Structures are given as structure tokens and as C-alpha cells.
Amino acid sequence: MSECNALVALYNATNGYAWKSATFWFNPAVSPCDWTGVVCTPLVQGQRNVLRLLRGSIEMTGPIPPEIEDLQSLEWIYFAINNLSGTLPAELGNLPALQILQLNANEGLGGQIPVAFYTGLQDTLISMSIGPGNGCFTVPAGAPAGMVPWLNSVAPSWDSSCS
């Protein structure tokens, strides 16, 4: 149920009613795992979990909601080429399985990268696209010494918009 609530929060926070593609979203006859852009695990003991959110180029607007942390099996987020805005929620750092985070080309997205990204994702995240086409991303003062080298390895162009 918390995963469904997280998907609803994402839809509401990012102007879901105006998305280019939202087939089956909120159709009571269709499982959330069959909503466009939602990929889930196979059915195990009567349960499926969200593995991937593939919602690029659909005109998402607004912030990424903190409820995204309720998608605990999430491995891949693809929200590139949208109109997301605000900062990256620290709650993304609470996703223990996250391996790929693609947020490039969201002009209104920027600000400080939460330390929680480094502390929570340093062992799982292998690729993060937050560079070209976004606002400026920075590291907070007092961030752990390993945060910038880690960002340089998982997101080589993370600070390309800052000059």
C-alpha cells in the first residue's frame, strides 16, 4: 500500500493529469504494476514491488516528492527530459536498491545534493545523470571528504551547469 501511495504522490506532485502518457494510472481495474512506466518484480508470495520508474519526456512538472522513499525495491529512476523543479529530496538516499538515477534535462532541478545521497547510495548507485540541461548542483559545506570523488565517478558531469 505504501508503494501505491508513493506513486500517487509522484503523480500529484508532478502534475500527472497533464502528463503526455499516463495510461492506466488510477484505473481501479488495473494493477499499479501495469501503469505506463512502472515496472515491477514478479509476483512472489502475493506481492510485487516497483523496480523501475520510467517516466522520461512526458512533461512532468514540479518537485520529486519525498514519498519516493517508500519504493524500497526501486533500482532505476528515469525522469529525464521533463520539467522537474526544486532540489533533490534527501529521501532518494533512503532507496537501498537504487542503481541508476537519470534526471538530466530538467532545467528547474538543482541546488545542493543531499549528503544522504552519499551516505545512503554510495554502495549501490552506479550511474547518476544530473548534468547538462539542469540547474546548478553543489555539495553542501562540510560534506564528507569522499562525496565529491564519489559524485565524479557516478555522475561525471554533475557540476557542468555551475560556472
# chains A, B, ... in the order shown; residues from 1 in each chain; ligands from 1
>>> residues_around(residues="Ser31 in chain A", least_positions_apart="4", cutoff="12 Å", atoms="only C-alpha atoms", output="JSON, numbers by chain")
{"A": [1, 3, 4, 7, 23, 24, 25, 26, 27, 35, 36, 38, 39, 40, 43, 47, 48, 49, 50]}
>>> residues_around(residues="Tyr78 in chain A", least_positions_apart="6", cutoff="12 Å", atoms="only C-alpha atoms", output="MDAnalysis selection string")
chainID A and resid 37:39 51:58 60 64 84 98:106 127:130
>>> select_by_dssp(residues="chain A", states="helix (DSSP H, G or I)", output="MDAnalysis selection string")
chainID A and resid 2:13 16:18 32:34 66:70 90:94 115:121 147:154
>>> residues_around(residues="range 139-156 of chain A", least_positions_apart="3", cutoff="9 Å", atoms="only C-alpha atoms", output="CSV table (one decimal) with C-alpha atoms, in the first residue's frame")
chain,number,residue,atom,x,y,z
A,111,GLY,CA,20.6,23.0,-5.6
A,112,GLN,CA,22.6,21.2,-3.0
A,113,ILE,CA,23.0,17.4,-3.4
A,114,PRO,CA,21.9,16.0,0.0
A,115,VAL,CA,24.7,14.3,2.0
A,117,PHE,CA,22.8,10.6,-1.4
A,118,TYR,CA,26.4,9.8,-0.5
A,119,THR,CA,25.8,8.1,2.8
A,122,GLN,CA,27.5,5.1,-2.2
A,125,LEU,CA,24.3,3.8,-7.2
A,126,ILE,CA,26.4,3.1,-10.3
A,127,SER,CA,25.1,5.9,-12.6
A,128,MET,CA,23.5,9.3,-12.0
A,129,SER,CA,22.7,11.7,-14.8
A,130,ILE,CA,22.1,15.2,-13.3
A,131,GLY,CA,24.4,17.3,-15.5
A,159,ASP,CA,28.5,20.1,-11.8
A,160,SER,CA,28.8,21.1,-15.5
>>> select_by_dssp(residues="range 71-104 of chain A", states="strand (DSSP E)", output="PyMOL selection string")
chain A and resi 76-78+83-86+100-102
>>> closest_residue(among="A:Glu59, A:Gly108, A:Asp34, A:Ala116", to="Ser21 in chain A", atoms="only C-alpha atoms")
A:Glu59
